[in-house]
Amino acid sequence: MTASQLQPEPPAPEPGQFLSQAQMQFFIPATASLHERRPRTMKHGDSFAVFDHSGDAIAGPGSPEGLYHRDTRHLSHLYLTINGLRPILLSSALRDDNAILTCDLTNPDFAGSDGRVDVEHDLIHLRRTRFLWESAIHERITIRNFDAEPRTVSVDIGFAADFADLFEIRGMTRLRKGVTNPPDIGDADVLLSYEGRDALTRETHICFAPQPQELTESHARFDITVPPGERATIYMRVSCERMPRPGEPLSRQFLKSLRDSMQALKQSRARSARMHSSNQLFNEVARRSVADITMLSTDTEYGPYPYAGIPWFSTVFGRDAIITALETLWLDPSISRGVLGYLAAHQATRFDATADAEPGKILHEVRHGEMAELGEVPFRHYYGSIDSTPLFVMLAGAYLERTADSAYLASLLPNIEAALQWIDEHGDRDGDGFVEYGRLTDQGLINQGWKDSHDSVFHADGAIARGPIALAEVQAYVYGAWTAADAIYAALGQQERARHYRDRAQALRTRFDEVFFDGDLGTYVLALDGEKRPCRVRSSNAGHVLFTGLALEERAGQVVRTLMAPSSFSGWGVRTIASTEARYNPMSYHNGSIWPHDNALIAAGFSRYGYRAQAAQIFEGLFAAATYVDLMRLPELFCGFPRRRAQGPTFYPVACSPQAWAAAAPLSLVQSSLGLGFNVAGSEVTLCEPALPRFLDELQLHGLAVGEAQVDIAFDRMGDKVVVKPMDRIGRAKVVTIA
């Protein structure tokens with residue numbers, strides 16, 4: 001069955017198969033603000049953890065805190081007390097590279113039996129040092145006595161594992177669950193386990209050293225006497241699987257695992273070019289961006305793959321990873337290679353309506369939890385995105401341009417050709433020359449572009465557009481895919497195929513302008529609905545048309561002016577929807593909010609057409625926003641209210657932080673400002689009319705690879721001009737400035 005032969009959506013499923021149509025849009029109810037919690041997040045491989053500033057995970061409705069592995073929460077509660085009271089928080093910090101969480105705490109006043117203060121506050125110091133490595137939390141708790149006499153304290157660590165599926169924590173209700181097994185309690189360890197309805201056993205193994213004075217299924221108590229000025233130490237390991245009980249001491253495991261973790265981070269950082277500027281705040285933003293990309297990237301057999309974001313999207317997403325790879329390609333091509341390899345290996349080869357899969361289509365999302373395994377959510381291997389497939393081909397072409405690795409592209413050619421065939425046979429559902437989407441069952445996502453909220457595609461009067469929907473940016477990605485196909489086939493010596501896609505790209509450019517450009521709006525319409533009526537809405541989607549080069553040169557200036565008008569540009573960035581539009585809501589997910597990755601792509605489009613001053617405005621807005629955010633970390637999105645003098649942006653309550661494509665946005669903006677490109681055949685780094693935003697007087701790039709060579713480059717801003725100074729070289733790398 002081809003996409004154009006699809007019948008109307010089928011009736012609702014039988015009771016119990018899925019719970020409700022409202023839940024099927026998988027939105028995240030804002031029962032609590034993640035920004036208000038300002039959580040401390042950690043990730044390694046397929047595991048991630050969310051803690052509060054004290055290092056605890058507080059169980060309760062709406063709490064996302066805990067330790068997760070493959071979409072299941074293995075630790076839902078962790079609570080430390082001293083003499084029955086919660087310690088006072090002194091400070092909490094993640095290292096700049098996200099490797100270690102350190103929480104410094106102290107004692108409150110301890111009352112004696114007569115009710116009077118027996119031990120004053122701030123005499124006992126506790127330091128919690130924690131990291132996540134190979135699906136286990138490793139923690140060292142150091143207790144130091146600053147009193148003049150020995151002190152005996154009782155340290156209690158409460159814990160629990162609810163083994164909840166991530167989609168339950170996101171707000172879905174389950175009518176039936178599996179069985180929680182009785183705990184297995186040893187002298188210094190506890191095994192908690194759960195038998196899922198998917199016939200899988202999920203386990204949490206908690207080990208302590210020294211042996212606690214009391215250990216139950218829910219807490220461990222340590223009675224510790226600390227001499228004046230001395231220290232005592234407790235070690236704890238929480239593993240998402242049963243670990244052997246005998247073996248080396250936990251103290252030695254802690255140090256060995258920490259050493260392995262730090263070495264792995266060092267190796268990951270070595271792949272990437274580095275940058276340093278005259279602005280210390282920007283240096284912190286850039287360091288956090290690189291650290292977050294490193295942390296979110298999971299090593300697969302194909303290479304590093306950036307998971308989308310914590311806490312809701314710490315898994316494989318196709319679109320998110322491709323865009324993250326495009327944003328970071330100039331710094332670290334290995335991410336793009338890893339993304340291409342993984343997505344090629346998991347490309348759809350057959351029809352599967354429940355997964356929105358068609359031959360050649362590229363993944364949207366992968367889930368491993370119990371609900372996905374049972375089909376209670378359709379995301380086990382889900383293909384319901386309209387843009388991942390053309391973006392996959394775009395990334396392949398960009399990777400070829402950046403690396404000249406034609407041998408690797410040749411190995412992916414069957415996947416590239418399958419993706420191109422999908423665009424023709426299934427993407428263009430009605431043969432009108434544009435790619436549309438429509439879910440294959442009523443259980444899939446209603447909207448399948450990057451703005452996938454149920455109300456994100458609408459007409460000027462606010463009426464929801466009915467599909468199949470042809471989004472403006474999707475046509476831009478198709479243009480980008482065909483342009484990439486031209487370059488790929490040319491590099492592989494298939495000139496006729498290259499010419500075929502070059503001609504198709506040019507024809508699409510002409511046809512798209514005729515249908516999508518609206519002179520009265522001053523921009524491209526958001527989309528065409530199922531009746532080919534234009535959705536006459538000013539949106540950020542038009543910036544993606546500039547990003548891939550689909551826009552005619554004579555349209556670019558008008559589109560830039562529309563996107564930078566006060567109704568669209570808030571001062572922090574370009575809103576997803578202009579404030580003049582019917583469904584504008586600055587607190588919505590997609591109808592007036594500001595997304596860093598969206599703005600990075602828009603700025604890249606501005607730069608492509610020579611509008612670097614406007615790209616610099618976006619750069620300045622996002623950088624300023626980052627300086628108001630905890631850890632200098634740009635979140636997934638923030639609200640679209642206008643920028644106010646001497647005040648920071650308004651935060652979106654359930655935005656992921658970190659989020660891969662948001663973390664990569666500042667890195668992409670550097671490339672856009674500098675007009676940075678590569679000619680690998682000539683060992684050239686090219687700079688087209690380089691510019692620096694006002695907050696950067698100097699910028700240095702170190703270890704920028706071009707083929708087998710490397711070069712360091714310094715940039716000095718002199719008014720509106722930038723002086724380029726090549727520094728050290730390895731090999732024959734050249735720096736070419738294009739005026």
# chains A, B, ... in the order shown; residues from 1 in each chain; ligands from 1

call {"tool": "select_by_dssp", "arguments": {"residues": "range 244-353 of chain A", "states": "helix (DSSP H, G or I)", "output": "ChimeraX atom specification"}}
result
/A:250-270,280-296,318-328,333-345,353

call {"tool": "write_last_selection", "arguments": {"atoms": "C-alpha atoms", "output": "mmCIF file, in the first residue's frame"}}
result
data_model
loop_
_atom_site.group_PDB
_atom_site.id
_atom_site.type_symbol
_atom_site.label_atom_id
_atom_site.label_comp_id
_atom_site.auth_asym_id
_atom_site.auth_seq_id
_atom_site.Cartn_x
_atom_site.Cartn_y
_atom_site.Cartn_z
ATOM 1 C CA LEU A 250 33.058 0.135 47.199
ATOM 2 C CA SER A 251 35.724 2.761 47.904
ATOM 3 C CA ARG A 252 37.985 1.202 45.298
ATOM 4 C CA GLN A 253 35.090 0.767 42.842
ATOM 5 C CA PHE A 254 34.252 4.450 43.304
ATOM 6 C CA LEU A 255 37.759 5.595 42.415
ATOM 7 C CA LYS A 256 38.189 3.150 39.541
ATOM 8 C CA SER A 257 34.838 4.054 37.981
ATOM 9 C CA LEU A 258 35.555 7.763 38.427
ATOM 10 C CA ARG A 259 38.891 7.361 36.668
ATOM 11 C CA ASP A 260 37.238 5.472 33.785
ATOM 12 C CA SER A 261 34.518 8.111 33.518
ATOM 13 C CA MET A 262 36.984 10.999 33.385
ATOM 14 C CA GLN A 263 39.124 9.217 30.800
ATOM 15 C CA ALA A 264 36.098 8.637 28.566
ATOM 16 C CA LEU A 265 35.161 12.316 28.796
ATOM 17 C CA LYS A 266 38.708 13.331 27.910
ATOM 18 C CA GLN A 267 38.652 11.121 24.819
ATOM 19 C CA SER A 268 35.285 12.546 23.738
ATOM 20 C CA ARG A 269 36.507 16.129 24.090
ATOM 21 C CA ALA A 270 39.606 15.340 22.045
ATOM 22 C CA GLN A 280 34.313 34.953 30.109
ATOM 23 C CA LEU A 281 30.543 34.503 30.273
ATOM 24 C CA PHE A 282 30.475 33.297 26.684
ATOM 25 C CA ASN A 283 33.336 30.925 27.441
ATOM 26 C CA GLU A 284 31.158 29.404 30.176
ATOM 27 C CA VAL A 285 28.175 29.128 27.821
ATOM 28 C CA ALA A 286 30.331 27.467 25.155
ATOM 29 C CA ARG A 287 31.930 25.064 27.645
ATOM 30 C CA ARG A 288 28.532 24.038 28.957
ATOM 31 C CA SER A 289 27.259 23.556 25.403
ATOM 32 C CA VAL A 290 30.115 21.212 24.533
ATOM 33 C CA ALA A 291 29.822 19.405 27.879
ATOM 34 C CA ASP A 292 26.087 18.889 27.412
ATOM 35 C CA ILE A 293 26.509 17.528 23.891
ATOM 36 C CA THR A 294 29.191 15.181 25.211
ATOM 37 C CA MET A 295 27.015 14.036 28.120
ATOM 38 C CA LEU A 296 23.910 13.529 25.985
ATOM 39 C CA GLY A 318 15.848 11.066 14.458
ATOM 40 C CA ARG A 319 15.048 14.707 13.744
ATOM 41 C CA ASP A 320 16.660 16.031 16.920
ATOM 42 C CA ALA A 321 19.896 14.120 16.417
ATOM 43 C CA ILE A 322 20.183 15.120 12.753
ATOM 44 C CA ILE A 323 19.739 18.809 13.557
ATOM 45 C CA THR A 324 22.176 18.540 16.477
ATOM 46 C CA ALA A 325 24.658 16.886 14.117
ATOM 47 C CA LEU A 326 24.215 19.671 11.549
ATOM 48 C CA GLU A 327 24.761 22.312 14.256
ATOM 49 C CA THR A 328 27.978 20.654 15.481
ATOM 50 C CA PRO A 333 32.094 15.423 12.321
ATOM 51 C CA SER A 334 32.123 12.139 14.277
ATOM 52 C CA ILE A 335 28.682 12.971 15.697
ATOM 53 C CA SER A 336 27.252 13.213 12.182
ATOM 54 C CA ARG A 337 28.860 9.934 11.216
ATOM 55 C CA GLY A 338 27.390 8.230 14.280
ATOM 56 C CA VAL A 339 23.924 9.624 13.602
ATOM 57 C CA LEU A 340 24.004 8.631 9.927
ATOM 58 C CA GLY A 341 25.168 5.106 10.753
ATOM 59 C CA TYR A 342 22.574 4.490 13.449
ATOM 60 C CA LEU A 343 19.647 5.873 11.447
ATOM 61 C CA ALA A 344 20.672 3.964 8.335
ATOM 62 C CA ALA A 345 20.756 0.720 10.328
ATOM 63 C CA ALA A 353 0.789 1.378 10.209
#

call {"tool": "residues_around", "arguments": {"residues": "Leu89 in chain A", "least_positions_apart": "5", "cutoff": "7 Å", "atoms": "only C-alpha atoms", "output": "number ranges by chain"}}
result
A: 54, 104-106

call {"tool": "write_last_selection", "arguments": {"atoms": "N, CA and C atoms", "output": "mmCIF file, in the first residue's frame"}}
result
data_model
loop_
_atom_site.group_PDB
_atom_site.id
_atom_site.type_symbol
_atom_site.label_atom_id
_atom_site.label_comp_id
_atom_site.auth_asym_id
_atom_site.auth_seq_id
_atom_site.Cartn_x
_atom_site.Cartn_y
_atom_site.Cartn_z
ATOM 1 N N SER A 54 20.189 19.357 46.841
ATOM 2 C CA SER A 54 20.829 18.668 47.960
ATOM 3 C C SER A 54 21.317 17.277 47.587
ATOM 4 N N ASP A 104 27.342 20.360 48.965
ATOM 5 C CA ASP A 104 27.881 20.668 50.285
ATOM 6 C C ASP A 104 26.726 21.010 51.217
ATOM 7 N N LEU A 105 26.671 20.316 52.359
ATOM 8 C CA LEU A 105 25.576 20.442 53.309
ATOM 9 C C LEU A 105 26.144 20.616 54.711
ATOM 10 N N THR A 106 25.319 21.103 55.615
ATOM 11 C CA THR A 106 25.728 21.201 57.015
ATOM 12 C C THR A 106 24.554 20.893 57.920
#

call {"tool": "residues_around", "arguments": {"residues": "range 453-465 of chain A", "least_positions_apart": "4", "cutoff": "10 Å", "atoms": "only C-alpha atoms", "output": "number ranges by chain"}}
result
A: 25-27, 445-449, 469, 471, 525-531, 533-538, 576-577, 580-584, 588-592

call {"tool": "closest_residue", "arguments": {"among": "A:Leu521, A:Leu669, A:Ala691, A:Ala613", "to": "Asp716 in chain A", "atoms": "only C-alpha atoms"}}
result
A:Ala691

call {"tool": "residues_around", "arguments": {"residues": "Leu413 in chain A", "least_positions_apart": "2", "cutoff": "10 Å", "atoms": "only C-alpha atoms", "output": "PyMOL selection string"}}
result
chain A and resi 344+393+396+407-411+415-419+485+488-489+492

call {"tool": "closest_residue", "arguments": {"among": "A:Asp198, A:Asp430, A:Asp424, A:Glu373", "to": "Tyr501 in chain A", "atoms": "only C-alpha atoms"}}
result
A:Asp424

call {"tool": "closest_residue", "arguments": {"among": "A:Ala308, A:Val680, A:Val711, A:Leu85", "to": "His597 in chain A", "atoms": "only C-alpha atoms"}}
result
A:Ala308

call {"tool": "closest_residue", "arguments": {"among": "A:Phe163, A:Ala470, A:Glu708, A:Ala578", "to": "Ala565 in chain A", "atoms": "only C-alpha atoms"}}
result
A:Ala578

call {"tool": "closest_residue", "arguments": {"among": "A:Trp482, A:Phe131, A:Trp312, A:Tyr194", "to": "Arg499 in chain A", "atoms": "only C-alpha atoms"}}
result
A:Trp482

call {"tool": "atom_distance", "arguments": {"atom1": "CA of Gln617 in chain A", "atom2": "CA of Trp450 in chain A"}}
result
23.8 Å

call {"tool": "select_by_dssp", "arguments": {"residues": "range 513-614 of chain A", "states": "strand (DSSP E)", "output": "PyMOL selection string"}}
result
chain A and resi 517-518+523-524+527-528+534-535

call {"tool": "write_last_selection", "arguments": {"atoms": "C-alpha atoms", "output": "PDB file, in the first residue's frame"}}
result
ATOM      1  CA  PHE A 517       5.205  33.006  -0.819  1.00  0.00           C
ATOM      2  CA  ASP A 518       2.613  35.526   0.351  1.00  0.00           C
ATOM      3  CA  THR A 523       6.933  35.807   4.173  1.00  0.00           C
ATOM      4  CA  TYR A 524       6.147  32.184   3.336  1.00  0.00           C
ATOM      5  CA  ALA A 527       1.732  25.260   5.370  1.00  0.00           C
ATOM      6  CA  LEU A 528      -0.843  24.012   2.895  1.00  0.00           C
ATOM      7  CA  PRO A 534      -2.497  28.127   2.498  1.00  0.00           C
ATOM      8  CA  CYS A 535      -2.187  28.614   6.244  1.00  0.00           C
TER       9      CYS A 535
END

call {"tool": "residues_around", "arguments": {"residues": "Thr315 in chain A", "least_positions_apart": "2", "cutoff": "7 Å", "atoms": "only C-alpha atoms", "output": "JSON, numbers by chain"}}
result
{"A": [307, 308, 313, 317, 366, 367]}

call {"tool": "write_last_selection", "arguments": {"atoms": "C-alpha atoms", "output": "mmCIF file, in the first residue's frame"}}
result
data_model
loop_
_atom_site.group_PDB
_atom_site.id
_atom_site.type_symbol
_atom_site.label_atom_id
_atom_site.label_comp_id
_atom_site.auth_asym_id
_atom_site.auth_seq_id
_atom_site.Cartn_x
_atom_site.Cartn_y
_atom_site.Cartn_z
ATOM 1 C CA TYR A 307 20.018 11.704 22.809
ATOM 2 C CA ALA A 308 17.455 14.476 22.621
ATOM 3 C CA PHE A 313 13.518 12.704 25.748
ATOM 4 C CA PHE A 317 15.209 10.793 18.174
ATOM 5 C CA VAL A 366 12.856 4.739 19.981
ATOM 6 C CA ARG A 367 11.619 3.661 23.416
#

call {"tool": "closest_residue", "arguments": {"among": "A:Ile82, A:Ile362, A:Leu331, A:Gly60", "to": "Arg402 in chain A", "atoms": "only C-alpha atoms"}}
result
A:Leu331
